[in-house]
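Notes for the one structure printed next.
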Amino acid sequence: MGGVDGDPGGPLGLADLDDQGGPLVEEEDQLLVEGIDALAGIGERFGGGGEFPGLALLGRGRLALGGGLCGSLMRLWSLPRAHRGVIVQPMASVERLGGRLWQKPVGNTDSRSKAVGGVDTGGTPVPRAPVDERESALHSRPMPSRELVVTRFAPSPTGHLHIGGARSALFCWAFARRARHDGADGRFMIRIEDTDQARSSEESARGILDDLAWLGIRWDDGPVLRRHQALGTGHQGVNQGQGGDIGGDSRGVGPYFQAQRVGIYNSYIEALVKAGHAYPAFETTEELESRRKAANAAKQTYRYQRPDDVQIGAFNESRWKRAQAGEAHVIRLAVPREEIIVRDTILGDVKSAAGELDDFVIRKADGFPTYHFAVVIDDELMGTTHVLRAQEHLANTPKHVALQKALVRLDNGKPFRTPVYGHMPIICNMDGSKMSKRDKAKIARKAAKDAIAKDGGITAAVLAGTTGIAQKQIADFLAAESDSVDTAEALASHFKVALPEIEIWDFRRSGYLPEVIINFIALLGWNPGMKQADGKDLEKFDLEFIGKNFSVERIGKGSAKFDRAKLLSFNGDAIAGMADDVFVQRWRAWLAEYEPEALARLDGLGADTLMILAPAVKPRAKTLRDTLKPIAFALASDTGYEFDKTAVEKNLLASDRTGAKLLAEFKPVLAGIDAWTPGSIHAAIEAFAKSKGFVGEKGVNVGPIAQPLRIAITGVAVSPPLGETLGVLGKASTMARIERCLTSL
RNA sequence: GGCCCCGUCGUCUAGCCUGGUCCAGGACACCACCCUUUCACGGUGGUGACAUGGGUUCGAAUCCCAUCGGGGUCACCA
């Protein structure tokens, strides 16, 4: 029997039901199901008469399932994921009923749902999960009370939103949204973990929220992000009503900035100390550091040694008095020496042997809680039911479980609950290392060092002068003592090296579309497991789809490498797939933000410039920044571009200046065009080619005139189709450019 | 190094739970051809993987074990 009487380790969650019954479950195992009215029907039908072994009806909406039955019934009724999580009752109520609660032997919980893809006639992808009328009947019944499902994303405001953070946020959002689709009250919450006084900033918090909003991820509970506010005035701007504020505290569990909750943490700290589960410790950082070094030198694992005068469960008054008197100290948790099992929906049970955990710090010397403590307190107080985070946190989780075991709520005396955990695969670089903002530092540092190696005159002081960054900061950065993103960006821009996009902000600047980023990061470690009508895997979808179809059981275990080439391809597809007017609108917005001069130049050419260019640019640009390349000719003035020598030689001068002669001959034809549109220009070129007898087996070959013309107009042999190219420039510019080319020969 | 997690084409993955329909499917990338006024787009086709070794089984990508490989984490950062 896998259960632990009297110590369920928190409410049962998805993990417990993940292995859907089967032979592993012993006969005595029981599962109490309640909270879904419709289940009463099941109970009455199967269990009411008592002739069905392993199933007992305990009242309306409530039944106990025994042994493998719970699994098979779950399967039989295709109970949706969230329902499964919702219907399981915590220990207390089971005890009240005199039942026994078990936690299933979780030996292998990495089971996958059988939801395979299916196809509908319209070509829209639909899940092929077995559709059972009974299931829809179940869905249509109103829930007695909507179960609360709360996920949270809790960034530390020490920089921009990282791509991995965005994925965490997306999955948490999606989980809550999916729960809502399944009838629960799914809520996605944001909490700002600003307990690191030195590194946190409000500006960064605001930036992270902005990035999230840009991606289209909205939160139900959390800091309020006011959008479309006129700068400085506090009045609503022109776009009023379009975006609206995000966030709020409808459940009354805020504030959502941890720095504002220090009082709460302190009262829990005090309670913990007085209960003998935590104690003040007075060692200095230096002392600990030297002990750590000594242990490492002796090739031993360093663990903090609990002082002899500290006993678990006994309030150490003298230490508390010293602390109260103002002596510098931290608070440590007195961790019992016992095995800790983290139940993880994605990974299964992860055991941590007794003694692995030492007495870790829960409140720092500056009076702020550590991450571990604040997280546990807030997740409980804010009602977090499901924690989805990256696997880098897996090693922390035993600490959180230990804390939860030690803590009791001050308001109602109830023990802390353990949320359902799910640790997601880490996002890696193509070389397999963790994708991190340090990657920027590495590249920038290398560029700087290479430059210094070449030119001894370059020093930190010189760089400080040219970049405007403090000399010390640059020196630290070069010595790899700091990985400051700002410094990295400044140096990279100074040495003209490209930094990889790591943070959402980078991708935005590079011209990636938010919906593409969402789509792509959703695929990093998760996939819907569906097929399209043509039998290919479904992998292009939007936020709404994710919110409807997200499921934890389809999150993979292995780390995912971030394939930029595929992202680029997705982005290019999205751009190419946009209607021209939509593209122009978004293109214009991006240009206005990042390349205002280019936009001004384009608009100066004519009101419709972007629209004329759109069909030519869309298939040629993988990102919005890419759009600048095919339109380089338009960005330059009529005399502001160079003629590519090789191209001129090959297309204008070769064969006794054939190209140039042809061009000179074609010039008056162009001058005679009245309606200067891409279509009429193209028609003129074709007609001219035809009149010159450039006709092959496949029809008119405009090449002999097209290439000379292209080079005259753009300077190079590569450009969008000539209709659009000339069309955008206008007749006067076109003539001037041809003239300039011809005279330059 | 200790502890933990993971391991299907170069990359993201489907398949694994419930072994046979898989000499393993899709996507990106790559290669070839077609289309084409250039560059793109598009179309068609192709190269390419079950980490290795043992079991279990009539049968293993799928179940078990070992080995190897990769990653994470070891703070008064989160």
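To be explicit about the labels: the chains of the structure tokens are called A, B, and onward in the order shown, and within each one the residues are counted from 1, while ligands get numbers from 1 in the order they are shown.
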Exercise: B:C3 partners within 9 Å, only C-alpha atoms (C1' of nucleotides), chain neighbours under 5 positions left out, as a compact mmCIF listing (two decimals) with C-alpha atoms (C1' of nucleotides), in the first residue's frame:
```txt
# COMPACT_ATOMS: atom_id res chain seq x y z
CA SER A 352 15.38 13.19 -1.70
CA ALA A 353 17.10 11.03 0.90
CA GLU A 356 20.20 15.64 1.91
CA ALA A 395 16.33 20.66 -6.68
C1' U B 73 21.61 21.91 -8.94
C1' C B 74 24.67 22.37 -4.83
```
Exercise. Counting only C-alpha atoms (C1' of nucleotides), which residues of chain B come no farther than 10 Å from chain A, as a VMD selection string?
Worked result: chain B and resid 1 to 7 10 to 14 16 to 18 25 to 29 37 to 41 70 to 78
Exercise. Which of these, A:Ala636, A:Leu388, A:Ala323, A:Ala498, has the shortest distance to A:Val150 once you count only C-alpha atoms?
Worked result: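 Result for the nearest residue to A:Val150: A:Leu388.
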For this session: Quick one: everything within 9 Å of A:Ile246, counting only C-alpha atoms (C1' of nucleotides), minus sequence neighbours fewer than 2 positions away in the same chain. Send it as JSON, numbers by chain.
Result: {"A": [213, 218, 219, 220, 221, 222, 223, 224, 225, 226, 227, 243, 244, 248]}
Could the residues in this selection be written to a file with N, CA, C and O atoms, as an mmCIF file, in the first residue's frame?
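Below you can see result-v6.cif, which holds the result:
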```
data_model
loop_
_atom_site.group_PDB
_atom_site.id
_atom_site.type_symbol
_atom_site.label_atom_id
_atom_site.label_comp_id
_atom_site.auth_asym_id
_atom_site.auth_seq_id
_atom_site.Cartn_x
_atom_site.Cartn_y
_atom_site.Cartn_z
ATOM 1 N N ALA A 213 2.306 41.252 -21.696
ATOM 2 C CA ALA A 213 1.135 41.810 -22.362
ATOM 3 C C ALA A 213 1.333 41.815 -23.873
ATOM 4 O O ALA A 213 0.415 41.527 -24.636
ATOM 5 N N ARG A 218 -2.468 37.460 -20.524
ATOM 6 C CA ARG A 218 -3.087 38.337 -19.529
ATOM 7 C C ARG A 218 -3.245 37.570 -18.237
ATOM 8 O O ARG A 218 -3.462 36.377 -18.248
ATOM 9 N N TRP A 219 -3.139 38.268 -17.137
ATOM 10 C CA TRP A 219 -3.277 37.601 -15.852
ATOM 11 C C TRP A 219 -4.536 38.049 -15.138
ATOM 12 O O TRP A 219 -4.983 39.178 -15.297
ATOM 13 N N ASP A 220 -5.101 37.119 -14.387
ATOM 14 C CA ASP A 220 -6.351 37.418 -13.688
ATOM 15 C C ASP A 220 -6.089 38.154 -12.386
ATOM 16 O O ASP A 220 -6.829 39.042 -11.992
ATOM 17 N N ASP A 221 -5.034 37.716 -11.702
ATOM 18 C CA ASP A 221 -4.699 38.321 -10.415
ATOM 19 C C ASP A 221 -3.251 38.778 -10.472
ATOM 20 O O ASP A 221 -2.407 38.078 -11.011
ATOM 21 N N GLY A 222 -2.984 39.917 -9.892
ATOM 22 C CA GLY A 222 -1.596 40.373 -9.862
ATOM 23 C C GLY A 222 -1.496 41.877 -10.009
ATOM 24 O O GLY A 222 -2.508 42.577 -9.996
ATOM 25 N N PRO A 223 -0.282 42.349 -10.146
ATOM 26 C CA PRO A 223 -0.069 43.785 -10.276
ATOM 27 C C PRO A 223 -0.881 44.321 -11.450
ATOM 28 O O PRO A 223 -1.070 43.613 -12.431
ATOM 29 N N VAL A 224 -1.326 45.544 -11.321
ATOM 30 C CA VAL A 224 -2.118 46.129 -12.400
ATOM 31 C C VAL A 224 -1.198 46.806 -13.410
ATOM 32 O O VAL A 224 -0.368 47.626 -13.041
ATOM 33 N N LEU A 225 -1.344 46.376 -14.632
ATOM 34 C CA LEU A 225 -0.586 47.022 -15.703
ATOM 35 C C LEU A 225 -1.530 47.961 -16.428
ATOM 36 O O LEU A 225 -2.487 47.541 -17.064
ATOM 37 N N ARG A 226 -1.253 49.246 -16.293
ATOM 38 C CA ARG A 226 -2.108 50.223 -16.974
ATOM 39 C C ARG A 226 -1.574 50.390 -18.376
ATOM 40 O O ARG A 226 -0.386 50.611 -18.583
ATOM 41 N N ARG A 227 -2.448 50.243 -19.333
ATOM 42 C CA ARG A 227 -1.987 50.314 -20.723
ATOM 43 C C ARG A 227 -2.547 51.528 -21.424
ATOM 44 O O ARG A 227 -3.568 52.063 -21.052
ATOM 45 N N GLY A 243 -6.893 48.286 -25.188
ATOM 46 C CA GLY A 243 -6.155 47.298 -24.428
ATOM 47 C C GLY A 243 -6.754 47.070 -23.066
ATOM 48 O O GLY A 243 -7.180 45.986 -22.721
ATOM 49 N N GLY A 244 -6.866 48.118 -22.326
ATOM 50 C CA GLY A 244 -7.416 47.999 -20.996
ATOM 51 C C GLY A 244 -6.349 47.553 -20.020
ATOM 52 O O GLY A 244 -5.311 47.042 -20.397
ATOM 53 N N GLY A 248 -5.136 42.965 -11.088
ATOM 54 C CA GLY A 248 -6.106 43.322 -10.074
ATOM 55 C C GLY A 248 -6.049 42.320 -8.945
ATOM 56 O O GLY A 248 -5.301 41.346 -8.989
#
```
Exercise. Tell me, which residues of stretch 459-573 of chain A carry DSSP alpha helix (DSSP H), written as a count of residues only?
Worked result: 59
